[in-house]
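Chemist: This is the content of coords_17.txt (compact mmCIF, C-alpha atoms):
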# COMPACT_ATOMS: atom_id res chain seq x y z
CA MET S 1360 96.07 157.27 160.19
CA ILE S 1361 98.18 156.56 157.09
CA SER S 1362 99.75 153.43 158.59
CA ILE S 1363 96.34 152.05 159.60
CA GLY S 1364 95.12 152.56 155.98
CA LEU S 1365 98.14 150.74 154.56
CA CYS S 1366 97.63 147.78 156.88
CA LEU S 1367 93.96 147.49 155.92
CA THR S 1368 94.83 147.68 152.22
CA CYS S 1369 97.39 144.86 152.54
CA ARG S 1370 94.90 142.60 154.22
CA LEU S 1371 92.23 143.21 151.61
CA ILE S 1372 94.43 142.04 148.68
CA SER S 1373 96.27 139.20 150.41
CA GLN S 1374 96.12 135.65 148.96
CA THR S 1375 96.18 132.14 150.31
CA THR S 1376 97.15 128.94 148.50
CA GLY S 1377 96.35 125.28 148.88
CA SER S 1378 96.99 122.05 147.04
CA ARG S 1379 95.12 118.87 146.25
CA THR S 1380 96.31 115.62 144.69
CA VAL S 1381 94.66 114.66 141.41
CA ASN S 1382 95.12 111.12 140.10
CA VAL S 1383 95.24 110.94 136.30
CA THR S 1384 95.02 107.73 134.27
CA LEU S 1385 95.78 107.73 130.54
CA PRO S 1386 95.39 104.24 129.09
CA VAL S 1387 97.46 102.90 126.21
CA VAL S 1388 95.09 102.68 123.25
CA THR S 1389 95.67 100.82 119.99
CA LEU S 1390 92.42 100.23 118.10
CA MET S 1391 91.76 99.71 114.39
CA ASP S 1392 88.86 98.53 112.26
CA VAL S 1393 87.69 98.50 108.65
CA GLU S 1394 84.36 100.18 107.87
CA PRO S 1395 81.73 99.39 106.75
CA ALA S 1396 81.48 95.75 107.80
CA GLY S 1397 80.85 93.10 105.17
CA THR S 1398 82.52 91.53 102.19
CA ILE S 1399 83.33 92.93 98.78
CA SER S 1400 83.15 91.04 95.49
CA LEU S 1401 85.72 91.35 92.72
CA ASN S 1402 84.52 89.43 89.68
CA TYR S 1403 86.12 89.16 86.26
CA THR S 1404 83.83 89.46 83.24
CA ALA S 1405 84.13 87.01 80.34
CA PRO S 1406 84.76 88.62 76.93
CA SER S 1407 81.92 88.70 74.42
CA GLU S 1408 84.24 88.29 71.45
CA ALA S 1409 86.80 85.56 70.78
CA GLY S 1410 90.37 86.78 71.09
CA ASN S 1411 89.64 89.40 73.76
CA THR S 1412 90.89 89.24 77.34
CA VAL S 1413 88.70 88.83 80.40
CA THR S 1414 87.76 92.19 81.89
CA ALA S 1415 89.16 92.90 85.32
CA PRO S 1416 86.67 94.08 87.94
CA ALA S 1417 86.39 97.79 88.75
CA ALA S 1418 88.43 99.01 91.72
CA ASN S 1419 86.57 98.85 95.03
CA THR S 1420 86.71 102.01 97.16
CA ALA S 1421 83.98 101.18 99.68
CA LYS S 1422 86.23 100.38 102.67
CA TRP S 1423 87.85 102.78 105.18
CA ILE S 1424 90.47 102.13 107.88
CA ASN S 1425 89.67 103.81 111.21
CA TYR S 1426 92.06 103.85 114.17
CA THR S 1427 92.75 105.35 117.58
CA SER S 1428 96.32 105.46 118.88
CA ALA S 1429 97.27 106.98 122.22
CA ILE S 1430 100.16 107.08 124.68
CA LEU S 1431 103.22 105.97 122.78
CA PRO S 1432 106.77 105.95 124.12
CA ALA S 1433 108.66 109.10 123.09
CA GLY S 1434 109.63 108.92 119.41
CA ALA S 1435 107.58 105.78 118.71
CA ALA S 1436 105.07 105.39 115.88
CA ARG S 1437 102.60 102.73 114.88
CA ARG S 1438 101.92 101.25 111.44
CA ILE S 1439 99.21 99.26 109.74
CA THR S 1440 100.11 96.23 107.66
CA ALA S 1441 98.04 94.11 105.27
CA SER S 1442 98.38 90.57 103.96
CA VAL S 1443 96.08 87.96 102.42
CA SER S 1444 95.04 84.48 103.53
CA GLN S 1445 95.84 83.01 100.11
CA LEU S 1446 96.98 83.96 96.62
CA ILE S 1447 94.92 83.42 93.48
CA PRO S 1448 97.26 82.15 90.73
CA GLY S 1449 97.52 84.47 87.75
CA THR S 1450 96.23 87.54 89.61
CA ASP S 1451 97.47 90.42 91.71
CA LEU S 1452 95.29 91.74 94.51
CA ARG S 1453 96.43 95.31 95.09
CA ILE S 1454 95.63 97.76 97.86
CA GLN S 1455 96.29 101.44 98.37
CA ALA S 1456 95.36 103.62 101.35
CA ALA S 1457 94.57 107.29 100.67
CA ALA S 1458 95.63 110.17 102.91
CA ALA S 1459 93.49 110.47 106.04
CA SER S 1460 90.35 112.57 105.80
CA GLY S 1461 87.27 113.21 107.91
CA SER S 1462 86.82 114.26 111.51
CA GLY S 1463 90.05 112.95 113.06
CA GLY S 1464 93.08 114.65 114.49
CA GLY S 1465 96.57 114.19 115.88
CA ALA S 1466 99.58 112.60 114.19
CA LEU S 1467 97.70 110.67 111.49
CA GLY S 1468 99.53 108.04 109.47
CA ILE S 1469 101.13 108.34 106.04
CA PRO S 1470 100.02 105.94 103.25
CA SER S 1471 102.76 103.82 101.67
CA GLY S 1472 101.35 103.80 98.13
CA GLN S 1473 99.92 100.87 96.21
CA ILE S 1474 101.21 97.39 97.10
CA ILE S 1475 100.55 93.92 95.76
CA LEU S 1476 99.17 91.87 98.63
CA THR S 1477 100.94 88.63 99.53
CA THR S 1478 100.75 86.23 102.46
CA THR S 1479 103.52 88.30 104.11
CA ALA S 1480 102.40 91.45 105.95
CA GLN S 1481 103.42 94.72 104.25
CA THR S 1482 103.07 98.26 105.55
CA ILE S 1483 100.23 100.26 104.02
CA ILE S 1484 100.17 103.15 106.56
CA SER S 1485 103.12 104.27 108.72
CA GLY S 1486 103.99 107.09 111.13
CA ILE S 1487 100.85 106.86 113.27
CA GLY S 1488 101.35 108.79 116.49
CA GLY S 1489 98.79 109.91 119.02
CA ALA S 1490 95.81 110.19 116.69
CA PHE S 1491 92.21 109.31 115.93
CA THR S 1492 90.58 109.15 112.50
CA GLY S 1493 86.92 109.49 113.33
CA ASN S 1494 84.60 106.51 113.04
CA GLY S 1495 82.85 104.95 110.06
CA THR S 1496 82.87 105.62 106.34
CA ASN S 1497 84.26 108.94 105.13
CA ASN S 1498 86.66 108.99 108.11
CA GLY S 1499 90.20 107.67 108.17
CA HIS S 1500 92.00 106.24 105.16
CA ARG S 1501 89.92 105.20 102.15
CA LEU S 1502 91.12 101.92 100.66
CA THR S 1503 91.30 101.17 96.95
CA ILE S 1504 91.34 97.43 96.28
CA THR S 1505 91.92 96.12 92.76
CA LEU S 1506 92.24 92.68 91.19
CA VAL S 1507 94.21 92.40 87.94
CA PRO S 1508 95.70 89.52 85.96
CA ASN S 1509 99.48 89.17 86.28
CA THR S 1510 100.20 85.97 84.36
CA TYR S 1511 97.36 85.14 82.00
CA ALA S 1512 98.58 81.55 81.52
CA ASN S 1513 98.06 80.87 85.25
CA LEU S 1514 94.40 81.98 85.38
CA THR S 1515 91.94 79.21 86.25
CA ALA S 1516 88.16 79.30 86.54
CA ARG S 1517 86.95 79.90 90.09
CA THR S 1518 83.65 80.61 91.79
CA ASN S 1519 83.39 82.63 95.01
CA THR S 1520 86.93 81.93 96.21
CA PRO S 1521 87.29 83.71 99.57
CA VAL S 1522 90.46 85.72 100.08
CA VAL S 1523 90.72 87.36 103.49
CA ILE S 1524 92.69 90.61 103.77
CA ILE S 1525 94.32 90.73 107.22
CA TYR S 1526 95.01 94.17 108.68
CA THR S 1527 97.24 94.65 111.75
CA ILE S 1528 98.18 97.78 113.70
CA THR S 1529 101.50 97.50 115.50
CA GLU S 1530 104.42 99.52 116.81
Rewrite the coordinates I just gave you, this time as structure tokens.
Modeler:
Amino acid sequence: MISIGLCLTCRLISQTTGSRTVNVTLPVVTLMDVEPAGTISLNYTAPSEAGNTVTAPAANTAKWINYTSAILPAGAARRITASVSQLIPGTDLRIQAAAASGSGGGALGIPSGQIILTTTAQTIISGIGGAFTGNGTNNGHRLTITLVPNTYANLTARTNTPVVIIYTITE
């Protein structure tokens, strides 16, 4: 009677196993954009009194860099660089990315500090791993863009001179 009870108990708590193949695809993702779309204007103001300097435009903080970065080789990191299409004599166009904020996550990038933009690409954010910043304004890295005179003697009158800032995300 006892041995029959033990056999029934063993059968009631026995387990079986099985296996199935699951195919997983994780694409390499490297996406970046600047939000919101559209141009910004940086306009000097003429002095109202002889002997005074032109007034540099206020810093623009309307733009944000958003990115998604996924599936990097072990130990690799991405970076974002910036350059300009042309230089305006007598001026410095400066850019600085702030620390990431908003709804993102992962290994977000580290801002490099303020740089003077040139026609040669320079790193503004480094150390981007598997990360996403969130989309749109108030997500990612806020950009501060300023225009200041560097050599007053080289300033020349201009009207609506387009300068394109070129951003690139790369490994």
Chemist: Quick one: distance from atom CA of S:Ala1436 to atom CA of S:Thr1492 in Å, one decimal?
Modeler: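 Calculated distance between atom CA of S:Ala1436 and atom CA of S:Thr1492 is 15.3 Å.
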Chemist: List as an mmCIF file with C-alpha atoms, in the frame of the given file the protein and nucleic acid residues near S:Leu1446, meaning an atom at most 9 Å away when all atoms listed in the file are counted, but skip any in the same chain fewer than 2 places from it.
Modeler:
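around-v4.cif, written as the output of this step:
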data_model
loop_
_atom_site.group_PDB
_atom_site.id
_atom_site.type_symbol
_atom_site.label_atom_id
_atom_site.label_comp_id
_atom_site.auth_asym_id
_atom_site.auth_seq_id
_atom_site.Cartn_x
_atom_site.Cartn_y
_atom_site.Cartn_z
ATOM 1 C CA VAL S 1443 96.080 87.960 102.420
ATOM 2 C CA SER S 1444 95.040 84.480 103.530
ATOM 3 C CA PRO S 1448 97.260 82.150 90.730
ATOM 4 C CA GLY S 1449 97.520 84.470 87.750
ATOM 5 C CA THR S 1450 96.230 87.540 89.610
ATOM 6 C CA ASP S 1451 97.470 90.420 91.710
ATOM 7 C CA LEU S 1452 95.290 91.740 94.510
ATOM 8 C CA LEU S 1476 99.170 91.870 98.630
ATOM 9 C CA THR S 1477 100.940 88.630 99.530
ATOM 10 C CA THR S 1478 100.750 86.230 102.460
ATOM 11 C CA VAL S 1522 90.460 85.720 100.080
#
Chemist: At a cut-off of 9 Å, using all atoms listed in the file, what residues contact stretch 1382-1387 of chain S? Leave out same-chain residues fewer than 4 positions from it and give the result as a list in words.
Modeler: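 Residues meeting the cut-off are Ser1428, Ala1429, Ile1430 and Leu1431 of chain S.
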Chemist: Could you work out how far atom CA of S:Ile1447 lies from atom CA of S:Thr1529, giving the answer in Å with one decimal?
Modeler: 27.0 Å
Chemist: Point out the residue among S:Ala1466, S:Ala1480, S:Ile1475, S:Ala1409 with the least atom-to-atom distance to S:Ala1435, counting only C-alpha atoms.
Modeler: S:Ala1466
Chemist: Got a sec: who's within 9 Å of S:Thr1482, counting all atoms listed in the file, leaving out chain neighbours fewer than 3 positions off, as a list in words?
Modeler: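 In the requested format, the answer is Arg1438, Ile1439, Thr1440, Ala1441, Pro1470, Ser1471, Ile1474 and Ser1485 of chain S.
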Chemist: Using all atoms listed in the file, find the one residue out of S:Ile1469, S:Ile1487, S:Val1393, S:Ala1456 that sits nearest to S:Arg1501.
Modeler: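 Comparing S:Ile1469, S:Ile1487, S:Val1393, S:Ala1456 against S:Arg1501, the winner is S:Ala1456.
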Chemist: Would you mind listing what lies within 10 Å of S:Asp1392 as a list in words, with all atoms listed in the file counted and same-chain residues fewer than 4 positions away left out?
Modeler: Ala1396, Trp1423, Ile1424, Asn1425, Tyr1426, Thr1427, Asn1494, Gly1495, Tyr1526, Thr1527 and Ile1528 of chain S
Chemist: Can you tell me how far atom CA of S:Ile1504 sits from atom CA of S:Gln1481, in Å to one decimal?
Modeler: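 Here the two named atoms are 14.7 Å from each other.
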Chemist: Would you kindly return, as a ChimeraX atom specification, each protein, DNA or RNA residue with an atom no farther than 9 Å from any atom of S:Gly1472, considering all atoms listed in the file and excluding same-chain residues fewer than 5 positions away?
Modeler: /S:1454-1457,1483-1484
Chemist: Just checking: using all atoms listed in the file, which residue out of S:Ile1524, S:Leu1401, S:Glu1394, S:Glu1530 ends up closest to S:Gly1434?
Modeler: S:Glu1530
Chemist: Of the residues S:Ser1462, S:Thr1404, S:Ile1399, S:Ala1418, which is the one nearest to S:Ala1516, using only C-alpha atoms?
Modeler: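 That would be S:Thr1404, the residue with the smallest distance to S:Ala1516.
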